[in-house]
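So this block is final13.cif, mmCIF, C-alpha atoms:
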```cif
data_run
loop_
_atom_site.group_PDB
_atom_site.id
_atom_site.type_symbol
_atom_site.label_atom_id
_atom_site.label_comp_id
_atom_site.auth_asym_id
_atom_site.auth_seq_id
_atom_site.Cartn_x
_atom_site.Cartn_y
_atom_site.Cartn_z
ATOM 1 C CA MET N 1 51.190 27.739 -22.196
ATOM 2 C CA ALA N 2 49.355 30.755 -23.599
ATOM 3 C CA LEU N 3 47.947 33.951 -22.133
ATOM 4 C CA TYR N 4 44.267 34.739 -22.602
ATOM 5 C CA THR N 5 42.331 37.957 -21.926
ATOM 6 C CA HIS N 6 38.608 37.944 -21.168
ATOM 7 C CA THR N 7 36.993 40.427 -23.562
ATOM 8 C CA GLU N 8 34.405 41.651 -21.061
ATOM 9 C CA THR N 9 36.367 41.807 -17.810
ATOM 10 C CA GLY N 10 39.969 42.228 -18.972
ATOM 11 C CA VAL N 11 41.085 39.384 -16.701
ATOM 12 C CA VAL N 12 44.267 37.702 -17.920
ATOM 13 C CA ILE N 13 45.001 34.029 -17.307
ATOM 14 C CA SER N 14 47.466 31.472 -18.596
ATOM 15 C CA SER N 15 46.268 28.094 -19.792
ATOM 16 C CA ASP N 16 47.593 24.962 -21.425
ATOM 17 C CA CYS N 17 44.193 24.544 -23.081
ATOM 18 C CA LYS N 18 42.832 26.512 -26.022
ATOM 19 C CA LEU N 19 40.070 28.776 -24.758
ATOM 20 C CA ALA N 20 37.067 29.985 -26.742
ATOM 21 C CA GLY N 21 34.037 32.168 -26.123
ATOM 22 C CA ASN N 22 34.940 35.506 -24.563
ATOM 23 C CA TRP N 23 38.635 34.632 -24.277
ATOM 24 C CA GLU N 24 41.211 36.017 -26.717
ATOM 25 C CA GLU N 25 44.791 34.827 -26.863
ATOM 26 C CA VAL N 26 47.349 37.527 -26.116
ATOM 27 C CA THR N 27 49.752 37.509 -29.046
ATOM 28 C CA ASP N 28 52.494 39.640 -30.526
ATOM 29 C CA LYS N 29 52.543 42.193 -27.739
ATOM 30 C CA LYS N 30 55.831 43.736 -26.805
ATOM 31 C CA ASP N 31 56.588 43.891 -23.089
ATOM 32 C CA LYS N 32 55.932 47.650 -23.013
ATOM 33 C CA GLU N 33 52.433 47.105 -24.424
ATOM 34 C CA LEU N 34 51.469 44.511 -21.811
ATOM 35 C CA THR N 35 49.155 45.544 -18.997
ATOM 36 C CA VAL N 36 50.173 45.126 -15.360
ATOM 37 C CA ALA N 37 47.937 42.048 -15.137
ATOM 38 C CA GLU N 38 49.550 40.540 -18.247
ATOM 39 C CA LEU N 39 53.039 41.261 -16.905
ATOM 40 C CA GLN N 40 52.129 39.634 -13.594
ATOM 41 C CA SER N 41 50.741 36.598 -15.410
ATOM 42 C CA ARG N 42 53.922 36.181 -17.447
ATOM 43 C CA LEU N 43 56.049 36.504 -14.314
ATOM 44 C CA ASN N 44 53.873 33.900 -12.598
ATOM 45 C CA GLU N 45 54.401 31.533 -15.536
ATOM 46 C CA LEU N 46 58.156 31.963 -15.141
ATOM 47 C CA GLY N 47 57.919 31.350 -11.384
ATOM 48 C CA VAL N 48 59.283 34.817 -10.595
ATOM 49 C CA GLU N 49 58.390 36.321 -7.224
ATOM 50 C CA TYR N 50 57.540 40.036 -7.211
ATOM 51 C CA ASP N 51 55.985 42.648 -4.953
ATOM 52 C CA LYS N 52 52.234 42.683 -5.616
ATOM 53 C CA LYS N 53 52.418 46.493 -5.321
ATOM 54 C CA ALA N 54 55.134 46.769 -7.995
ATOM 55 C CA ASN N 55 54.424 49.270 -10.753
ATOM 56 C CA LYS N 56 54.472 48.538 -14.475
ATOM 57 C CA ALA N 57 58.080 49.670 -14.985
ATOM 58 C CA GLU N 58 59.303 47.407 -12.166
ATOM 59 C CA LEU N 59 57.388 44.434 -13.577
ATOM 60 C CA GLN N 60 58.757 45.118 -17.074
ATOM 61 C CA ALA N 61 62.314 45.161 -15.706
ATOM 62 C CA LEU N 62 61.767 41.874 -13.859
ATOM 63 C CA LEU N 63 60.293 40.231 -16.938
ATOM 64 C CA LYS N 64 63.149 41.415 -19.138
ATOM 65 C CA GLU N 65 65.692 40.167 -16.606
ATOM 66 C CA HIS N 66 64.124 36.718 -16.296
ATOM 67 C CA GLN N 67 63.399 36.242 -20.003
ATOM 68 C CA SER N 68 67.059 36.864 -20.792
ATOM 69 C CA GLU N 69 68.018 34.112 -18.297
ATOM 70 C CA GLY N 70 65.992 31.518 -20.210
#
```

Step by step, read the file and then write its structure as structure tokens.
Amino acid sequence: MALYTHTETGVVISSDCKLAGNWEEVTDKKDKELTVAELQSRLNELGVEYDKKANKAELQALLKEHQSEG
């Protein structure tokens, strides 16, 4: 599964399919460089529940915690 960002809207989605057009694959970003939407998408992929009002630092901590479990 890969993350894709829409170049015009900034929307981030995950997909099993390769996307083209206005979609760019998110690659080689460190967790601190990810946007809140990208962090949320990664957490969703991992099946991690989080407060939708969580700030970037809280999401980063959750992602780090759950990536180290895998």

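Nearest to Gly10 in chain N of all the residues N:Leu62, N:Val36, N:Glu49, N:Thr27 is N:Val36, counting all atoms listed in the file.
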
In Å and to one decimal, CA of Thr35 in chain N is distant from CA of Leu19 in chain N by 19.9 Å

Taken to one decimal, the CA of Gln67 in chain N-CA of Leu46 in chain N distance is 8.3 Å

| request: Give me, please, the distance in Å between CA of Trp23 in chain N and CA of Asp51 in chain N, quoted to one decimal. | output: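 That distance, rounded to one decimal, is 27.2 Å.
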
List the spatial neighbours of His6 in chain N as a list in words - criterion: any atom at most 9 Å away, all atoms listed in the file, same-chain residues fewer than 3 positions off excluded. Thr9, Gly10, Val11, Val12, Ile13, Gly21, Asn22, Trp23, Glu24 and Glu25 of chain N

Export, as a PDB file, keeping the file's coordinate frame, the selected residues with C-alpha atoms.
```pdb
ATOM      1  CA  THR N   9      36.367  41.807 -17.810  1.00  0.00           C
ATOM      2  CA  GLY N  10      39.969  42.228 -18.972  1.00  0.00           C
ATOM      3  CA  VAL N  11      41.085  39.384 -16.701  1.00  0.00           C
ATOM      4  CA  VAL N  12      44.267  37.702 -17.920  1.00  0.00           C
ATOM      5  CA  ILE N  13      45.001  34.029 -17.307  1.00  0.00           C
ATOM      6  CA  GLY N  21      34.037  32.168 -26.123  1.00  0.00           C
ATOM      7  CA  ASN N  22      34.940  35.506 -24.563  1.00  0.00           C
ATOM      8  CA  TRP N  23      38.635  34.632 -24.277  1.00  0.00           C
ATOM      9  CA  GLU N  24      41.211  36.017 -26.717  1.00  0.00           C
ATOM     10  CA  GLU N  25      44.791  34.827 -26.863  1.00  0.00           C
TER      11      GLU N  25
END
```

*Selection near Asn44 in chain N, 12 Å with all atoms listed in the file, sequence-local residues under 6 positions removed, as a count of residues only*: 15

Residue with the minimum atom-to-atom distance to Asp16 in chain N, picked from N:Leu34, N:Ala57, N:Ala2, N:Leu43 with all atoms listed in the file counted, is N:Ala2

Let me have the centre and edge lengths in Å, one decimal, of the box along x, y and z around every listed atom of range 51-61 of chain N with 6 Å of margin on each side, as lines of an AutoDock Vina configuration file.
```
center_x = 57.3
center_y = 46.2
center_z = -11.0
size_x = 22.1
size_y = 19.0
size_z = 24.1
```

Would you mind putting N, CA, C and O atoms back on range 52-66 of chain N and writing the result as a PDB file, in the coordinates of the input?
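File part.pdb, as written:
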```pdb
ATOM      1  N   LYS N  52      53.567  42.514  -5.014  1.00  0.00           N
ATOM      2  CA  LYS N  52      52.234  42.683  -5.616  1.00  0.00           C
ATOM      3  C   LYS N  52      51.899  44.159  -5.824  1.00  0.00           C
ATOM      4  O   LYS N  52      51.003  44.491  -6.587  1.00  0.00           O
ATOM      5  N   LYS N  53      52.632  45.051  -5.163  1.00  0.00           N
ATOM      6  CA  LYS N  53      52.418  46.493  -5.321  1.00  0.00           C
ATOM      7  C   LYS N  53      53.372  47.110  -6.350  1.00  0.00           C
ATOM      8  O   LYS N  53      53.373  48.320  -6.544  1.00  0.00           O
ATOM      9  N   ALA N  54      54.166  46.274  -7.016  1.00  0.00           N
ATOM     10  CA  ALA N  54      55.134  46.769  -7.995  1.00  0.00           C
ATOM     11  C   ALA N  54      54.417  47.474  -9.144  1.00  0.00           C
ATOM     12  O   ALA N  54      53.341  47.059  -9.569  1.00  0.00           O
ATOM     13  N   ASN N  55      55.035  48.542  -9.633  1.00  0.00           N
ATOM     14  CA  ASN N  55      54.424  49.270 -10.753  1.00  0.00           C
ATOM     15  C   ASN N  55      54.826  48.625 -12.082  1.00  0.00           C
ATOM     16  O   ASN N  55      55.631  47.688 -12.124  1.00  0.00           O
ATOM     17  N   LYS N  56      54.271  49.123 -13.144  1.00  0.00           N
ATOM     18  CA  LYS N  56      54.472  48.538 -14.475  1.00  0.00           C
ATOM     19  C   LYS N  56      55.945  48.511 -14.865  1.00  0.00           C
ATOM     20  O   LYS N  56      56.442  47.498 -15.363  1.00  0.00           O
ATOM     21  N   ALA N  57      56.661  49.604 -14.609  1.00  0.00           N
ATOM     22  CA  ALA N  57      58.080  49.670 -14.985  1.00  0.00           C
ATOM     23  C   ALA N  57      58.897  48.619 -14.232  1.00  0.00           C
ATOM     24  O   ALA N  57      59.793  47.989 -14.807  1.00  0.00           O
ATOM     25  N   GLU N  58      58.592  48.412 -12.959  1.00  0.00           N
ATOM     26  CA  GLU N  58      59.303  47.407 -12.166  1.00  0.00           C
ATOM     27  C   GLU N  58      59.011  46.002 -12.692  1.00  0.00           C
ATOM     28  O   GLU N  58      59.922  45.164 -12.788  1.00  0.00           O
ATOM     29  N   LEU N  59      57.761  45.743 -13.037  1.00  0.00           N
ATOM     30  CA  LEU N  59      57.388  44.434 -13.577  1.00  0.00           C
ATOM     31  C   LEU N  59      58.048  44.195 -14.936  1.00  0.00           C
ATOM     32  O   LEU N  59      58.512  43.090 -15.224  1.00  0.00           O
ATOM     33  N   GLN N  60      58.099  45.237 -15.766  1.00  0.00           N
ATOM     34  CA  GLN N  60      58.757  45.118 -17.074  1.00  0.00           C
ATOM     35  C   GLN N  60      60.230  44.768 -16.904  1.00  0.00           C
ATOM     36  O   GLN N  60      60.763  43.909 -17.612  1.00  0.00           O
ATOM     37  N   ALA N  61      60.889  45.425 -15.945  1.00  0.00           N
ATOM     38  CA  ALA N  61      62.314  45.161 -15.706  1.00  0.00           C
ATOM     39  C   ALA N  61      62.528  43.724 -15.234  1.00  0.00           C
ATOM     40  O   ALA N  61      63.461  43.050 -15.696  1.00  0.00           O
ATOM     41  N   LEU N  62      61.663  43.258 -14.337  1.00  0.00           N
ATOM     42  CA  LEU N  62      61.767  41.874 -13.859  1.00  0.00           C
ATOM     43  C   LEU N  62      61.565  40.883 -14.998  1.00  0.00           C
ATOM     44  O   LEU N  62      62.300  39.900 -15.119  1.00  0.00           O
ATOM     45  N   LEU N  63      60.559  41.143 -15.827  1.00  0.00           N
ATOM     46  CA  LEU N  63      60.293  40.231 -16.938  1.00  0.00           C
ATOM     47  C   LEU N  63      61.461  40.197 -17.903  1.00  0.00           C
ATOM     48  O   LEU N  63      61.904  39.117 -18.310  1.00  0.00           O
ATOM     49  N   LYS N  64      62.003  41.347 -18.223  1.00  0.00           N
ATOM     50  CA  LYS N  64      63.149  41.415 -19.138  1.00  0.00           C
ATOM     51  C   LYS N  64      64.339  40.646 -18.552  1.00  0.00           C
ATOM     52  O   LYS N  64      64.994  39.872 -19.248  1.00  0.00           O
ATOM     53  N   GLU N  65      64.579  40.839 -17.281  1.00  0.00           N
ATOM     54  CA  GLU N  65      65.692  40.167 -16.606  1.00  0.00           C
ATOM     55  C   GLU N  65      65.536  38.647 -16.646  1.00  0.00           C
ATOM     56  O   GLU N  65      66.466  37.918 -16.969  1.00  0.00           O
ATOM     57  N   HIS N  66      64.341  38.166 -16.381  1.00  0.00           N
ATOM     58  CA  HIS N  66      64.124  36.718 -16.296  1.00  0.00           C
ATOM     59  C   HIS N  66      63.931  36.071 -17.653  1.00  0.00           C
ATOM     60  O   HIS N  66      64.174  34.883 -17.814  1.00  0.00           O
TER      61      HIS N  66
END
```
